[in-house]
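Everything below belongs to input.pdb, which stores PDB, C-alpha atoms.
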```pdb
ATOM      1  CA  THR A   1     119.621 118.679  14.963  1.00  0.00           C
ATOM      2  CA  ASP A   2     122.340 118.621  12.284  1.00  0.00           C
ATOM      3  CA  LEU A   3     119.636 118.300   9.622  1.00  0.00           C
ATOM      4  CA  LEU A   4     117.759 121.260  11.121  1.00  0.00           C
ATOM      5  CA  LYS A   5     120.955 123.347  11.115  1.00  0.00           C
ATOM      6  CA  HIS A   6     121.518 122.464   7.460  1.00  0.00           C
ATOM      7  CA  CYS A   7     117.929 123.453   6.585  1.00  0.00           C
ATOM      8  CA  LYS A   8     118.412 126.806   8.332  1.00  0.00           C
ATOM      9  CA  GLN A   9     121.671 127.359   6.406  1.00  0.00           C
ATOM     10  CA  VAL A  10     119.854 126.690   3.112  1.00  0.00           C
ATOM     11  CA  GLU A  11     117.162 129.212   4.072  1.00  0.00           C
ATOM     12  CA  GLU A  12     119.792 131.840   4.930  1.00  0.00           C
ATOM     13  CA  THR A  13     121.716 131.209   1.706  1.00  0.00           C
ATOM     14  CA  ILE A  14     118.563 131.791  -0.341  1.00  0.00           C
ATOM     15  CA  GLY A  15     117.893 135.030   1.516  1.00  0.00           C
ATOM     16  CA  ARG A  16     115.448 134.281   4.295  1.00  0.00           C
ATOM     17  CA  GLN A  17     115.501 136.952   6.958  1.00  0.00           C
ATOM     18  CA  LYS A  18     114.032 136.571  10.412  1.00  0.00           C
ATOM     19  CA  THR A  19     110.829 138.554  10.823  1.00  0.00           C
ATOM     20  CA  PHE A  20     107.905 137.560  13.005  1.00  0.00           C
ATOM     21  CA  ARG A  21     106.449 134.061  13.487  1.00  0.00           C
ATOM     22  CA  TRP A  22     104.550 132.925  10.368  1.00  0.00           C
ATOM     23  CA  GLY A  23     105.498 136.164   8.609  1.00  0.00           C
ATOM     24  CA  PRO A  24     106.371 136.557   4.910  1.00  0.00           C
ATOM     25  CA  ARG A  25     109.550 134.774   3.864  1.00  0.00           C
ATOM     26  CA  GLU A  26     111.505 133.904   0.750  1.00  0.00           C
ATOM     27  CA  ILE A  27     111.737 130.212   1.610  1.00  0.00           C
ATOM     28  CA  ASP A  28     110.638 127.843   4.329  1.00  0.00           C
ATOM     29  CA  VAL A  29     112.379 124.474   4.555  1.00  0.00           C
ATOM     30  CA  ASP A  30     110.444 122.041   6.722  1.00  0.00           C
ATOM     31  CA  ILE A  31     111.281 118.511   7.820  1.00  0.00           C
ATOM     32  CA  ILE A  32     107.971 116.744   7.254  1.00  0.00           C
ATOM     33  CA  PHE A  33     109.029 113.179   8.106  1.00  0.00           C
ATOM     34  CA  TYR A  34     112.333 111.573   9.019  1.00  0.00           C
ATOM     35  CA  ASP A  35     111.859 107.844   8.578  1.00  0.00           C
ATOM     36  CA  GLU A  36     109.537 106.767  11.401  1.00  0.00           C
ATOM     37  CA  GLU A  37     111.095 109.107  13.955  1.00  0.00           C
ATOM     38  CA  VAL A  38     108.968 111.010  16.455  1.00  0.00           C
ATOM     39  CA  LEU A  39     110.834 113.995  17.907  1.00  0.00           C
ATOM     40  CA  ASP A  40     109.911 117.075  19.878  1.00  0.00           C
ATOM     41  CA  LEU A  41     113.010 119.094  20.698  1.00  0.00           C
ATOM     42  CA  ARG A  42     111.256 122.160  22.057  1.00  0.00           C
ATOM     43  CA  PRO A  43     112.163 124.460  23.731  1.00  0.00           C
ATOM     44  CA  GLU A  44     115.803 124.119  22.579  1.00  0.00           C
ATOM     45  CA  THR A  45     114.695 124.244  18.916  1.00  0.00           C
ATOM     46  CA  ASP A  46     111.426 124.418  17.004  1.00  0.00           C
ATOM     47  CA  LEU A  47     111.989 120.915  15.634  1.00  0.00           C
ATOM     48  CA  ILE A  48     108.970 118.611  15.748  1.00  0.00           C
ATOM     49  CA  VAL A  49     109.021 115.463  13.596  1.00  0.00           C
ATOM     50  CA  PRO A  50     106.756 114.592  11.975  1.00  0.00           C
ATOM     51  CA  HIS A  51     105.818 118.179  11.134  1.00  0.00           C
ATOM     52  CA  ALA A  52     103.179 119.201  13.677  1.00  0.00           C
ATOM     53  CA  ARG A  53     100.503 120.061  11.099  1.00  0.00           C
ATOM     54  CA  CYS A  54     101.402 117.888   8.119  1.00  0.00           C
ATOM     55  CA  HIS A  55      98.368 115.668   8.721  1.00  0.00           C
ATOM     56  CA  GLN A  56      96.178 118.750   8.086  1.00  0.00           C
ATOM     57  CA  ARG A  57      97.860 119.961   4.886  1.00  0.00           C
ATOM     58  CA  ALA A  58      97.120 118.444   1.496  1.00  0.00           C
ATOM     59  CA  PHE A  59     100.057 120.292  -0.080  1.00  0.00           C
ATOM     60  CA  MET A  60     102.372 118.326   2.226  1.00  0.00           C
ATOM     61  CA  LEU A  61     100.615 114.952   2.276  1.00  0.00           C
ATOM     62  CA  GLY A  62      99.803 114.794  -1.454  1.00  0.00           C
ATOM     63  CA  PRO A  63     103.384 114.563  -2.743  1.00  0.00           C
ATOM     64  CA  VAL A  64     104.429 112.260   0.102  1.00  0.00           C
ATOM     65  CA  CYS A  65     101.466 109.992  -0.732  1.00  0.00           C
ATOM     66  CA  ASP A  66     102.686 109.864  -4.342  1.00  0.00           C
ATOM     67  CA  ILE A  67     105.872 108.298  -3.009  1.00  0.00           C
ATOM     68  CA  SER A  68     104.526 106.222  -0.115  1.00  0.00           C
ATOM     69  CA  PRO A  69     100.707 106.211   0.245  1.00  0.00           C
ATOM     70  CA  ASP A  70     100.646 103.355   2.764  1.00  0.00           C
ATOM     71  CA  MET A  71     103.236 104.910   5.067  1.00  0.00           C
ATOM     72  CA  LEU A  72     101.851 105.222   8.572  1.00  0.00           C
ATOM     73  CA  HIS A  73     101.926 108.645  10.150  1.00  0.00           C
ATOM     74  CA  PRO A  74     104.208 108.033  13.152  1.00  0.00           C
ATOM     75  CA  ARG A  75     102.011 109.983  15.581  1.00  0.00           C
ATOM     76  CA  LYS A  76      98.539 109.331  14.148  1.00  0.00           C
ATOM     77  CA  GLY A  77      99.078 105.648  13.347  1.00  0.00           C
ATOM     78  CA  LYS A  78      97.055 105.959  10.117  1.00  0.00           C
ATOM     79  CA  PRO A  79      98.147 105.566   6.486  1.00  0.00           C
ATOM     80  CA  LEU A  80      98.939 108.907   4.870  1.00  0.00           C
ATOM     81  CA  LYS A  81      96.439 108.254   2.063  1.00  0.00           C
ATOM     82  CA  GLN A  82      93.691 107.916   4.681  1.00  0.00           C
ATOM     83  CA  LEU A  83      94.651 111.273   6.204  1.00  0.00           C
ATOM     84  CA  LEU A  84      94.682 112.871   2.755  1.00  0.00           C
ATOM     85  CA  GLU A  85      91.327 111.542   1.498  1.00  0.00           C
ATOM     86  CA  PRO A  86      89.029 114.141   3.123  1.00  0.00           C
ATOM     87  CA  MET A  87      91.187 117.103   2.013  1.00  0.00           C
ATOM     88  CA  SER A  88      90.581 117.708  -1.738  1.00  0.00           C
ATOM     89  CA  PRO A  89      93.940 116.406  -2.985  1.00  0.00           C
ATOM     90  CA  ALA A  90      92.671 116.867  -6.582  1.00  0.00           C
ATOM     91  CA  LEU A  91      93.462 120.576  -6.215  1.00  0.00           C
ATOM     92  CA  LEU A  92      97.191 119.815  -6.085  1.00  0.00           C
ATOM     93  CA  GLU A  93      99.067 120.509  -9.310  1.00  0.00           C
ATOM     94  CA  ARG A  94     102.104 118.376 -10.010  1.00  0.00           C
ATOM     95  CA  VAL A  95     104.552 120.330 -12.110  1.00  0.00           C
ATOM     96  CA  PHE A  96     108.195 120.369 -13.060  1.00  0.00           C
ATOM     97  CA  PRO A  97     109.654 123.831 -13.768  1.00  0.00           C
ATOM     98  CA  LEU A  98     112.328 123.690 -16.449  1.00  0.00           C
ATOM     99  CA  GLN A  99     113.880 126.927 -17.674  1.00  0.00           C
ATOM    100  CA  SER A 100     110.978 129.300 -18.307  1.00  0.00           C
ATOM    101  CA  GLN A 101     108.291 126.638 -18.762  1.00  0.00           C
ATOM    102  CA  VAL A 102     106.175 124.704 -16.290  1.00  0.00           C
ATOM    103  CA  HIS A 103     105.513 121.118 -17.330  1.00  0.00           C
ATOM    104  CA  ARG A 104     102.564 119.223 -15.874  1.00  0.00           C
ATOM    105  CA  LEU A 105     103.319 115.806 -14.401  1.00  0.00           C
ATOM    106  CA  ASP A 106     100.777 113.026 -14.633  1.00  0.00           C
ATOM    107  CA  GLY A 107     102.842 110.156 -13.280  1.00  0.00           C
ATOM    108  CA  GLU A 108     104.536 109.383 -10.012  1.00  0.00           C
ATOM    109  CA  THR A 109     106.481 111.932  -8.024  1.00  0.00           C
ATOM    110  CA  LEU A 110     110.192 111.403  -8.655  1.00  0.00           C
ATOM    111  CA  ILE A 111     111.600 114.687  -7.369  1.00  0.00           C
ATOM    112  CA  MET A 112     109.815 116.548  -4.615  1.00  0.00           C
ATOM    113  CA  GLY A 113     109.779 120.134  -3.543  1.00  0.00           C
ATOM    114  CA  ILE A 114     106.588 121.730  -2.334  1.00  0.00           C
ATOM    115  CA  LEU A 115     105.545 125.169  -3.478  1.00  0.00           C
ATOM    116  CA  ASN A 116     102.553 126.310  -1.465  1.00  0.00           C
ATOM    117  CA  VAL A 117     100.704 128.845  -3.603  1.00  0.00           C
ATOM    118  CA  THR A 118      97.438 129.150  -1.721  1.00  0.00           C
ATOM    119  CA  PRO A 119      95.458 132.211  -0.640  1.00  0.00           C
ATOM    120  CA  ASP A 120      96.116 131.398   3.004  1.00  0.00           C
ATOM    121  CA  SER A 121      99.859 130.906   2.550  1.00  0.00           C
ATOM    122  CA  PHE A 122     102.129 133.357   4.310  1.00  0.00           C
ATOM    123  CA  SER A 123     105.145 132.157   2.326  1.00  0.00           C
ATOM    124  CA  ASP A 124     105.887 135.414   0.555  1.00  0.00           C
ATOM    125  CA  GLY A 125     103.225 137.857   1.655  1.00  0.00           C
ATOM    126  CA  GLY A 126     101.226 137.335  -1.549  1.00  0.00           C
ATOM    127  CA  LYS A 127     103.885 138.600  -3.964  1.00  0.00           C
ATOM    128  CA  HIS A 128     103.849 135.420  -6.041  1.00  0.00           C
ATOM    129  CA  ALA A 129     100.270 134.200  -5.720  1.00  0.00           C
ATOM    130  CA  THR A 130     100.110 132.182  -8.927  1.00  0.00           C
ATOM    131  CA  LEU A 131     102.002 129.065  -9.939  1.00  0.00           C
ATOM    132  CA  GLN A 132     103.626 130.842 -12.914  1.00  0.00           C
ATOM    133  CA  ALA A 133     104.751 133.836 -10.805  1.00  0.00           C
ATOM    134  CA  ALA A 134     106.137 131.636  -8.051  1.00  0.00           C
ATOM    135  CA  VAL A 135     108.061 129.377 -10.430  1.00  0.00           C
ATOM    136  CA  LYS A 136     109.421 132.367 -12.355  1.00  0.00           C
ATOM    137  CA  ARG A 137     110.742 133.789  -9.086  1.00  0.00           C
TER     138      ARG A 137
END
```
In structure tokens, what does this structure look like?
Amino acid sequence: TDLLKHCKQVEETIGRQKTFRWGPREIDVDIIFYDEEVLDLRPETDLIVPHARCHQRAFMLGPVCDISPDMLHPRKGKPLKQLLEPMSPALLERVFPLQSQVHRLDGETLIMGILNVTPDSFSDGGKHATLQAAVKR
């Protein structure tokens, strides 16, 4: 729970304000995996590890697979690359924003942060719906 508290502090520092569940927000820090831990600390907190829907989201699994494709999903018992295969991972863009430019990455993931810029994302209410706009923000 200390890690969750730290994540919430980061969100607050960046300017996240509580609205309604799955509403627009400036930032959303999620704990996708924590080693091989399986946790469900509801109702005291919303913490579920691994993330409850990570096995359904290419934008989460793709970068993790770059780092550890053979890692077993602690709840599903399957390699992450197997969970990712049916999802169109080719649509993921690997980039590194540096100053005002966005550089494409073709190699392995070395630093990971996930920016979900998809039409169905509620991350910012659609204000920054392109990669360039989101990175500029």
Review point. Can you tell me, as a list of chain:residue names, what residues are no more than 8 Å from range 48-57 of chain A when counting all atoms listed in the file, ignoring any on the same chain fewer than 5 positions away?
Key: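 Neighbouring residues, sequence-local ones excluded: A:Asp30, A:Ile31, A:Ile32, A:Phe33, A:Tyr34, A:Glu37, A:Val38, A:Leu39, A:Asp40, A:Leu41, A:Arg42, A:His73, A:Pro74, A:Arg75, A:Leu80, A:Leu83, A:Leu84, A:Met87.
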**Study point:** Shortest interatomic distance to Asp35 in chain A - which of A:Gly62, A:Gln9, A:Lys81, A:Ser68, counting only C-alpha atoms
**Key:** A:Ser68
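Of the residues listed (A:Glu26, A:Asp70, A:Asp46, A:Glu93), A:Glu26 shows the shortest atom-to-atom separation from Glu12 in chain A; distances use only C-alpha atoms.
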Point to revise | Point (114.8, 121.7, 10.1), cut-off 7 Å, counting only C-alpha atoms, residues as an NGL selection string | key: :A and (3-5 or 7-8 or 29-31 or 47)
Exercise on range 50-61 of chain A, axis-aligned box with 8 Å per side, report centre and edge lengths in Å to one decimal, as lines of an AutoDock Vina configuration file:
```
center_x = 101.5
center_y = 117.4
center_z = 6.8
size_x = 26.6
size_y = 21.7
size_z = 29.8
```
Could you rebuild range 21-32 of chain A with all heavy atoms and give it back as a compact mmCIF listing (two decimals), keeping the file's coordinate frame?
```
# COMPACT_ATOMS: atom_id res chain seq x y z
N ARG A 21 106.92 135.44 13.68
CA ARG A 21 106.45 134.06 13.49
C ARG A 21 105.35 134.03 12.44
O ARG A 21 104.40 134.78 12.51
CB ARG A 21 105.97 133.50 14.81
CG ARG A 21 105.62 132.03 14.76
CD ARG A 21 105.53 131.46 16.18
NE ARG A 21 105.15 130.09 16.20
CZ ARG A 21 105.99 129.07 16.07
NH1 ARG A 21 107.27 129.29 15.91
NH2 ARG A 21 105.57 127.82 16.13
N TRP A 22 105.47 133.13 11.49
CA TRP A 22 104.55 132.93 10.37
C TRP A 22 104.46 134.14 9.46
O TRP A 22 103.49 134.32 8.75
CB TRP A 22 103.16 132.50 10.85
CG TRP A 22 103.17 131.18 11.55
CD1 TRP A 22 103.72 130.01 11.09
CD2 TRP A 22 102.64 130.87 12.83
NE1 TRP A 22 103.55 129.01 12.01
CE2 TRP A 22 102.89 129.51 13.08
CE3 TRP A 22 101.97 131.61 13.78
CZ2 TRP A 22 102.49 128.89 14.26
CZ3 TRP A 22 101.57 130.98 14.95
CH2 TRP A 22 101.85 129.64 15.17
N GLY A 23 105.49 135.00 9.48
CA GLY A 23 105.50 136.16 8.61
C GLY A 23 105.97 135.81 7.21
O GLY A 23 106.38 134.68 6.93
N PRO A 24 105.90 136.78 6.28
CA PRO A 24 106.37 136.56 4.91
C PRO A 24 107.84 136.14 4.89
O PRO A 24 108.63 136.58 5.72
CB PRO A 24 106.20 137.93 4.25
CG PRO A 24 105.21 138.64 5.10
CD PRO A 24 105.38 138.11 6.49
N ARG A 25 108.18 135.26 3.96
CA ARG A 25 109.55 134.77 3.86
C ARG A 25 109.83 134.28 2.45
O ARG A 25 108.93 133.85 1.76
CB ARG A 25 109.81 133.68 4.89
CG ARG A 25 108.79 132.55 4.87
CD ARG A 25 108.79 131.82 6.20
NE ARG A 25 107.79 130.79 6.27
CZ ARG A 25 106.61 130.93 6.84
NH1 ARG A 25 106.26 132.07 7.36
NH2 ARG A 25 105.75 129.94 6.90
N GLU A 26 111.09 134.35 2.08
CA GLU A 26 111.50 133.90 0.75
C GLU A 26 111.40 132.40 0.60
O GLU A 26 111.11 131.90 -0.48
CB GLU A 26 112.95 134.34 0.47
CG GLU A 26 113.11 135.82 0.29
CD GLU A 26 112.46 136.33 -0.97
OE1 GLU A 26 112.56 135.66 -2.02
OE2 GLU A 26 111.84 137.39 -0.92
N ILE A 27 111.73 131.68 1.66
CA ILE A 27 111.74 130.21 1.61
C ILE A 27 111.46 129.68 3.02
O ILE A 27 111.78 130.34 4.02
CB ILE A 27 113.10 129.68 1.09
CG1 ILE A 27 113.03 128.16 0.91
CG2 ILE A 27 114.23 130.12 1.98
CD1 ILE A 27 114.23 127.58 0.19
N ASP A 28 110.88 128.51 3.06
CA ASP A 28 110.64 127.84 4.33
C ASP A 28 110.93 126.37 4.11
O ASP A 28 110.21 125.69 3.39
CB ASP A 28 109.18 128.05 4.76
CG ASP A 28 108.89 127.51 6.15
OD1 ASP A 28 109.85 127.35 6.94
OD2 ASP A 28 107.72 127.24 6.44
N VAL A 29 112.01 125.88 4.68
CA VAL A 29 112.38 124.47 4.56
C VAL A 29 111.89 123.75 5.81
O VAL A 29 112.30 124.09 6.92
CB VAL A 29 113.91 124.30 4.40
CG1 VAL A 29 114.28 122.83 4.34
CG2 VAL A 29 114.40 125.03 3.15
N ASP A 30 110.99 122.81 5.60
CA ASP A 30 110.44 122.04 6.72
C ASP A 30 110.87 120.59 6.62
O ASP A 30 111.00 120.05 5.53
CB ASP A 30 108.91 122.08 6.71
CG ASP A 30 108.35 123.41 7.14
OD1 ASP A 30 108.92 124.03 8.06
OD2 ASP A 30 107.34 123.84 6.56
N ILE A 31 111.05 119.96 7.75
CA ILE A 31 111.28 118.51 7.82
C ILE A 31 109.90 117.91 8.11
O ILE A 31 109.37 118.07 9.20
CB ILE A 31 112.30 118.16 8.92
CG1 ILE A 31 113.62 118.88 8.67
CG2 ILE A 31 112.48 116.64 9.01
CD1 ILE A 31 114.59 118.85 9.84
N ILE A 32 109.33 117.27 7.10
CA ILE A 32 107.97 116.74 7.25
C ILE A 32 108.01 115.41 7.98
O ILE A 32 107.31 115.20 8.97
CB ILE A 32 107.28 116.62 5.88
CG1 ILE A 32 107.25 117.99 5.21
CG2 ILE A 32 105.87 116.07 6.04
CD1 ILE A 32 106.81 117.98 3.78
```
